[in-house]
>>> print(open('upload_13.txt').read())   # compact mmCIF, C-alpha atoms
# COMPACT_ATOMS: atom_id res chain seq x y z
CA MET A 378 265.73 -13.51 81.99
CA ALA A 379 262.33 -11.89 82.13
CA ALA A 380 261.12 -10.36 78.95
CA LYS A 381 260.79 -6.61 78.95
CA SER A 382 257.26 -5.38 79.00
CA ARG A 383 256.25 -3.60 75.85
CA PRO A 384 254.75 -0.13 76.08
CA LYS A 385 251.03 -0.02 75.53
CA SER A 386 250.13 0.68 71.94
CA ASP A 387 248.49 4.04 71.32
CA VAL A 388 246.66 2.70 68.28
CA PRO A 389 243.39 1.89 70.08
CA ASP A 390 243.43 5.31 71.77
CA ALA A 391 244.18 7.03 68.45
CA SER A 392 241.40 5.15 66.72
CA ASP A 393 238.98 6.06 69.50
CA ARG A 394 239.87 9.75 69.26
CA VAL A 395 239.39 9.74 65.50
CA SER A 396 235.99 8.09 65.97
CA ARG A 397 235.00 10.65 68.61
CA ILE A 398 235.89 13.51 66.27
CA ARG A 399 233.99 11.94 63.38
CA GLU A 400 230.94 11.26 65.55
CA GLY A 401 231.04 14.73 67.11
CA VAL A 402 231.20 16.54 63.77
CA THR A 403 228.53 14.30 62.25
CA ALA A 404 226.19 14.78 65.24
CA ALA A 405 226.61 18.56 65.02
CA ILE A 406 225.69 18.41 61.33
CA LEU A 407 222.66 16.17 62.00
CA GLU A 408 221.42 18.64 64.62
CA HIS A 409 222.11 21.62 62.32
CA ARG A 410 224.59 23.10 64.80
CA LEU A 411 227.31 23.08 62.12
CA LEU A 412 226.23 24.96 59.02
CA PRO A 413 227.31 24.22 55.45
CA GLY A 414 230.51 26.08 54.64
CA THR A 415 231.69 26.30 58.27
CA LYS A 416 235.49 26.12 58.54
CA LEU A 417 236.75 23.19 60.61
CA GLY A 418 240.04 24.36 62.09
CA GLU A 419 242.38 21.50 62.91
CA ASP A 420 243.92 23.23 65.94
CA GLU A 421 240.56 24.18 67.44
CA ILE A 422 239.11 20.68 66.95
CA GLY A 423 242.30 19.21 68.41
CA GLU A 424 241.88 21.30 71.56
CA ILE A 425 238.23 20.31 71.91
CA TYR A 426 238.95 16.59 71.66
CA GLY A 427 242.46 16.52 73.12
CA ALA A 428 243.82 15.14 69.86
CA SER A 429 246.84 15.86 67.70
CA ARG A 430 246.54 17.57 64.34
CA THR A 431 247.39 14.26 62.70
CA LEU A 432 244.37 12.55 64.28
CA VAL A 433 242.12 15.50 63.48
CA ARG A 434 243.31 15.46 59.88
CA THR A 435 242.61 11.73 59.67
CA ALA A 436 239.04 12.23 60.93
CA LEU A 437 238.41 15.10 58.52
CA GLN A 438 239.81 13.12 55.61
CA GLN A 439 237.44 10.25 56.43
CA LEU A 440 234.51 12.66 56.55
CA ALA A 441 235.65 14.16 53.24
CA HIS A 442 235.65 10.67 51.73
CA GLU A 443 232.01 10.39 52.80
CA GLY A 444 231.14 13.72 51.19
CA ILE A 445 230.33 15.42 54.49
CA VAL A 446 233.42 17.65 54.55
CA ASN A 447 235.29 19.43 51.77
CA ILE A 448 239.07 19.82 52.03
CA GLU A 449 240.46 22.69 49.97
CA LYS A 450 244.15 23.03 49.20
CA ASN A 451 245.86 25.76 51.25
CA ARG A 452 242.52 26.66 52.87
CA GLY A 453 241.62 23.73 55.10
CA ALA A 454 238.45 21.75 55.80
CA PHE A 455 234.89 23.02 55.57
CA VAL A 456 231.46 21.52 56.14
CA ALA A 457 230.26 20.51 52.67
CA ARG A 458 227.78 22.61 50.69
CA PRO A 459 225.90 20.07 48.55
CA THR A 460 224.50 21.31 45.25
CA PRO A 461 220.94 20.72 44.00
CA ALA A 462 222.38 17.97 41.77
CA ASP A 463 224.01 16.38 44.83
CA ALA A 464 220.65 16.51 46.61
CA ARG A 465 218.84 14.71 43.83
CA GLU A 466 221.50 12.00 43.75
CA VAL A 467 221.34 11.53 47.52
CA PHE A 468 217.57 11.03 47.53
CA GLU A 469 217.73 8.76 44.51
CA ALA A 470 220.27 6.63 46.40
CA ARG A 471 218.12 6.67 49.54
CA ARG A 472 215.09 5.45 47.61
CA LEU A 473 217.08 2.57 46.17
CA ILE A 474 218.67 1.56 49.47
CA GLU A 475 215.89 2.19 51.97
CA LEU A 476 213.21 0.25 50.11
CA THR A 477 215.46 -2.80 50.21
CA ILE A 478 216.30 -2.09 53.85
CA VAL A 479 212.56 -2.13 54.65
CA ASP A 480 212.25 -5.56 53.03
CA HIS A 481 215.01 -6.90 55.28
CA ALA A 482 213.49 -5.16 58.32
CA VAL A 483 210.14 -6.85 57.70
CA ASP A 484 211.90 -10.21 57.58
CA ALA A 485 213.73 -9.43 60.84
CA VAL A 486 210.78 -7.99 62.76
CA SER A 487 210.47 -9.05 66.41
CA PRO A 488 208.73 -7.78 69.55
CA VAL A 489 212.07 -6.44 70.81
CA TRP A 490 212.65 -4.37 67.67
CA ILE A 491 209.09 -3.08 67.56
CA ASN A 492 209.46 -1.98 71.17
CA ARG A 493 212.67 -0.11 70.32
CA LEU A 494 211.01 1.62 67.39
CA GLN A 495 207.95 2.57 69.46
CA GLN A 496 210.20 4.03 72.15
CA HIS A 497 212.00 6.03 69.49
CA LEU A 498 208.72 7.34 68.09
CA ALA A 499 207.79 8.47 71.61
CA GLU A 500 211.10 10.40 71.86
CA GLU A 501 210.40 12.04 68.50
CA ARG A 502 206.93 13.14 69.64
CA GLU A 503 208.30 14.53 72.91
CA ALA A 504 210.96 16.56 71.06
CA GLU A 505 208.31 17.84 68.66
CA GLN A 506 205.94 18.81 71.49
CA ARG A 507 208.59 20.77 73.38
CA GLY A 508 209.71 22.52 70.18
CA ASP A 509 213.24 21.10 70.27
CA ALA A 510 214.12 21.45 66.58
CA ARG A 511 217.68 20.16 66.94
CA ALA A 512 216.61 17.01 68.74
CA SER A 513 213.82 16.47 66.21
CA VAL A 514 216.26 16.62 63.30
CA ARG A 515 218.69 14.24 65.01
CA LEU A 516 215.97 11.77 66.03
CA SER A 517 214.49 11.79 62.52
CA GLY A 518 217.81 10.65 61.10
CA GLU A 519 218.21 8.09 63.86
CA PHE A 520 214.84 6.56 62.99
CA HIS A 521 216.06 5.64 59.51
CA ARG A 522 219.32 4.34 61.00
CA LEU A 523 217.36 2.13 63.42
CA ILE A 524 215.40 0.58 60.56
CA ALA A 525 218.72 -0.17 58.85
CA GLU A 526 220.12 -1.71 62.05
CA MET A 527 216.98 -3.81 62.34
CA SER A 528 217.48 -5.07 58.78
CA GLY A 529 220.79 -6.64 59.84
CA HIS A 530 222.47 -5.51 56.60
CA SER A 531 225.75 -3.91 57.67
CA ILE A 532 226.72 -2.66 54.19
CA TYR A 533 223.43 -0.83 53.69
CA LEU A 534 223.70 0.56 57.22
CA GLY A 535 227.12 2.04 56.45
CA PHE A 536 225.87 3.62 53.23
CA LEU A 537 222.77 4.99 54.90
CA LYS A 538 224.67 6.66 57.74
CA GLU A 539 226.59 8.66 55.14
CA LEU A 540 223.43 9.51 53.20
CA ILE A 541 221.61 10.66 56.34
CA ALA A 542 224.42 13.09 57.18
CA ARG A 543 224.38 14.42 53.63
CA SER A 544 220.60 14.71 53.77
CA SER A 545 220.83 16.85 56.89
CA LEU A 546 223.05 19.36 55.08
CA ILE A 547 220.74 19.31 52.07
CA ILE A 548 217.63 19.93 54.18
CA LEU A 549 219.36 22.79 56.00
CA LEU A 550 220.29 24.44 52.69
CA TYR A 551 217.20 23.82 50.59
CA ARG A 552 214.15 23.28 52.78
CA ARG A 553 211.31 25.61 51.75
CA HIS A 554 210.06 26.37 55.28
CA ASP A 555 210.57 25.50 58.92
CA THR A 556 208.06 22.68 59.25
CA PRO A 557 209.58 19.27 60.08
CA ALA A 558 210.84 17.54 56.92
CA CYS A 559 210.63 14.08 58.45
CA GLY A 560 207.37 13.77 60.39
CA THR A 561 206.55 11.31 63.16
CA ASP A 562 203.24 10.38 61.46
CA HIS A 563 205.20 9.06 58.47
CA HIS A 564 207.52 7.12 60.75
CA ALA A 565 204.60 5.64 62.68
CA GLY A 566 203.05 4.41 59.44
CA ILE A 567 206.28 2.70 58.46
CA VAL A 568 206.54 1.00 61.86
CA THR A 569 202.92 -0.20 61.66
CA ALA A 570 203.51 -1.77 58.26
CA ILE A 571 206.71 -3.45 59.44
CA ARG A 572 204.94 -4.79 62.55
CA LYS A 573 202.25 -6.32 60.31
CA ARG A 574 204.97 -7.82 58.08
CA ASP A 575 203.37 -6.00 55.17
CA ASN A 576 206.25 -5.54 52.71
CA GLN A 577 204.21 -3.79 50.06
CA THR A 578 202.77 -1.18 52.41
CA ALA A 579 206.08 -0.67 54.21
CA ARG A 580 207.85 -0.02 50.90
CA ALA A 581 205.07 2.30 49.74
CA GLN A 582 205.18 4.23 53.04
CA MET A 583 208.95 4.62 52.88
CA LEU A 584 208.90 5.71 49.24
CA SER A 585 206.14 8.25 49.88
CA HIS A 586 208.02 9.52 52.92
CA LEU A 587 211.31 10.05 51.07
CA ASN A 588 209.52 11.63 48.11
CA GLU A 589 207.77 14.08 50.42
CA ILE A 590 211.03 15.09 52.10
CA GLU A 591 212.59 15.80 48.70
CA ALA A 592 209.46 17.67 47.53
CA GLU A 593 209.90 20.07 50.47
CA LEU A 594 213.28 21.13 49.06
CA PHE A 595 213.78 24.06 46.70
CA LEU A 596 216.24 22.38 44.37
CA LYS A 597 217.01 25.01 41.78
CA ASP A 598 220.25 24.84 39.82
CA PRO A 599 222.54 27.86 40.39
CA ALA A 600 222.69 28.56 36.63
CA ALA A 601 218.92 28.94 36.55
CA ASP A 602 219.00 31.26 39.56
CA GLU A 603 220.98 34.08 37.97
CA LEU A 604 218.45 36.91 37.99
CA ARG A 605 219.08 40.57 37.32
CA LEU A 606 218.30 42.89 40.21
CA ALA A 607 216.07 44.91 37.88
CA ASP A 608 213.98 41.80 37.23
CA VAL A 609 213.56 41.15 40.95
CA LEU A 610 213.44 44.61 42.57
CA GLY A 611 211.80 46.41 39.68
CA ALA A 612 208.92 43.97 39.40
>>> encode(input="upload_13.txt", output="structure tokens")
Amino acid sequence: MAAKSRPKSDVPDASDRVSRIREGVTAAILEHRLLPGTKLGEDEIGEIYGASRTLVRTALQQLAHEGIVNIEKNRGAFVARPTPADAREVFEARRLIELTIVDHAVDAVSPVWINRLQQHLAEEREAEQRGDARASVRLSGEFHRLIAEMSGHSIYLGFLKELIARSSLIILLYRRHDTPACGTDHHAGIVTAIRKRDNQTARAQMLSHLNEIEAELFLKDPAADELRLADVLGA
């Protein structure tokens, strides 16, 4: 007697839909299309991605675990609004992780990887020249992710993806002006040092780069920002 064929499992499809939702929300944050505090309605997201509320909720919970989304009881999910203290912690973590990532990247350097990085730099310059701010922000984050991929360290790569998404929210909230916070000249210097297998210079370039991004932020604690109108308008 022939065995009955089992119905195809919907697990792979469910997992793929959850990943698509996560990637879509994260990409929108990286490109500053989703602003901090934006409500993420489960029904609306489900319609966009053709997914059930259960799958949407799973994706949002995963993003909340990464600190990219806040889930509030009886209110729903919102794009996170990182505080100045959160911002300082994120950049402290990035300095710790990315300097080590650069060391691994120098060890793993190859003509293939240098070519990929040079192509990426060309895309960044093109986006900058045509004034495409959203693409520039996304490509800037992708540059740091590429260095992490090049390093071959999967744990650091996972951590850095989360930190890059958080950084995008932080830059959107606290950047002092509209000039690019992650310039192509900085990136080119990092690539040059990696190509030369110069660990010391590569680390120094990355550290200087991250410090400069943070220096462009106006990280003032809310408690210190409580000014009386008379002090401001009557000055």
>>> atom_distance(input="upload_13.txt", atom1="CA of Gly529 in chain A", atom2="CA of Ala565 in chain A")
20.5 Å
>>> closest_residue(input="upload_13.txt", among="A:Val395, A:Leu546, A:Val456, A:Pro413", to="Arg430 in chain A", atoms="only C-alpha atoms")
A:Val395
>>> closest_residue(input="upload_13.txt", among="A:His564, A:Arg572, A:Lys597, A:Arg394", to="Val489 in chain A", atoms="all atoms listed in the file")
A:Arg572
>>> closest_residue(input="upload_13.txt", among="A:Trp490, A:Tyr426, A:Phe468, A:Phe595", to="Ser528 in chain A", atoms="only C-alpha atoms")
A:Trp490
>>> residues_around(input="upload_13.txt", residues="Leu412 in chain A", least_positions_apart="5", cutoff="9 Å", atoms="all atoms listed in the file", output="short mmCIF file (atom, residue, chain, number, x, y, z; two decimals) with C-alpha atoms, in the frame of the given file")
data_model
loop_
_atom_site.label_atom_id
_atom_site.label_comp_id
_atom_site.auth_asym_id
_atom_site.auth_seq_id
_atom_site.Cartn_x
_atom_site.Cartn_y
_atom_site.Cartn_z
CA ALA A 405 226.61 18.56 65.02
CA ILE A 406 225.69 18.41 61.33
CA VAL A 456 231.46 21.52 56.14
CA ALA A 457 230.26 20.51 52.67
CA ARG A 458 227.78 22.61 50.69
CA LEU A 546 223.05 19.36 55.08
CA LEU A 549 219.36 22.79 56.00
CA LEU A 550 220.29 24.44 52.69
#
>>> atom_distance(input="upload_13.txt", atom1="CA of Ile474 in chain A", atom2="CA of Ala441 in chain A")
21.5 Å
>>> closest_residue(input="upload_13.txt", among="A:His497, A:Arg452, A:His481, A:His442", to="Asp575 in chain A", atoms="only C-alpha atoms")
A:His481
>>> residues_around(input="upload_13.txt", residues="His521 in chain A", least_positions_apart="6", cutoff="12 Å", atoms="only C-alpha atoms", output="JSON, numbers by chain")
{"A": [471, 472, 474, 475, 476, 478, 479, 482, 494, 497, 498, 514, 515, 527, 528, 533, 534, 536, 537, 538, 539, 540, 541, 542, 544, 559, 560, 561, 563, 564, 565, 567, 568, 583, 586, 587]}
>>> residues_around(input="upload_13.txt", residues="Gly423 in chain A", least_positions_apart="2", cutoff="12 Å", atoms="all atoms listed in the file", output="list of chain:residue names")
A:Arg394, A:Val395, A:Arg397, A:Ile398, A:Leu417, A:Gly418, A:Glu419, A:Asp420, A:Glu421, A:Ile425, A:Tyr426, A:Gly427, A:Ala428, A:Ser429, A:Arg430, A:Thr431, A:Leu432, A:Val433, A:Arg434, A:Thr435, A:Ala436, A:Leu437
>>> closest_residue(input="upload_13.txt", among="A:Glu593, A:Asp480, A:Glu519, A:Glu400", to="Ala570 in chain A", atoms="all atoms listed in the file")
A:Asp480
>>> axis_aligned_box(input="upload_13.txt", around="range 403-416 of chain A", padding_each_side="4 Å", output="JSON")
{"center_x": 228.5, "center_y": 20.3, "center_z": 59.9, "size_x": 22.1, "size_y": 20.0, "size_z": 18.6}
>>> closest_residue(input="upload_13.txt", among="A:Glu449, A:Glu591, A:Glu505, A:Glu526", to="Tyr551 in chain A", atoms="only C-alpha atoms")
A:Glu591
>>> atom_distance(input="upload_13.txt", atom1="CA of Pro488 in chain A", atom2="CA of Ile571 in chain A")
11.2 Å
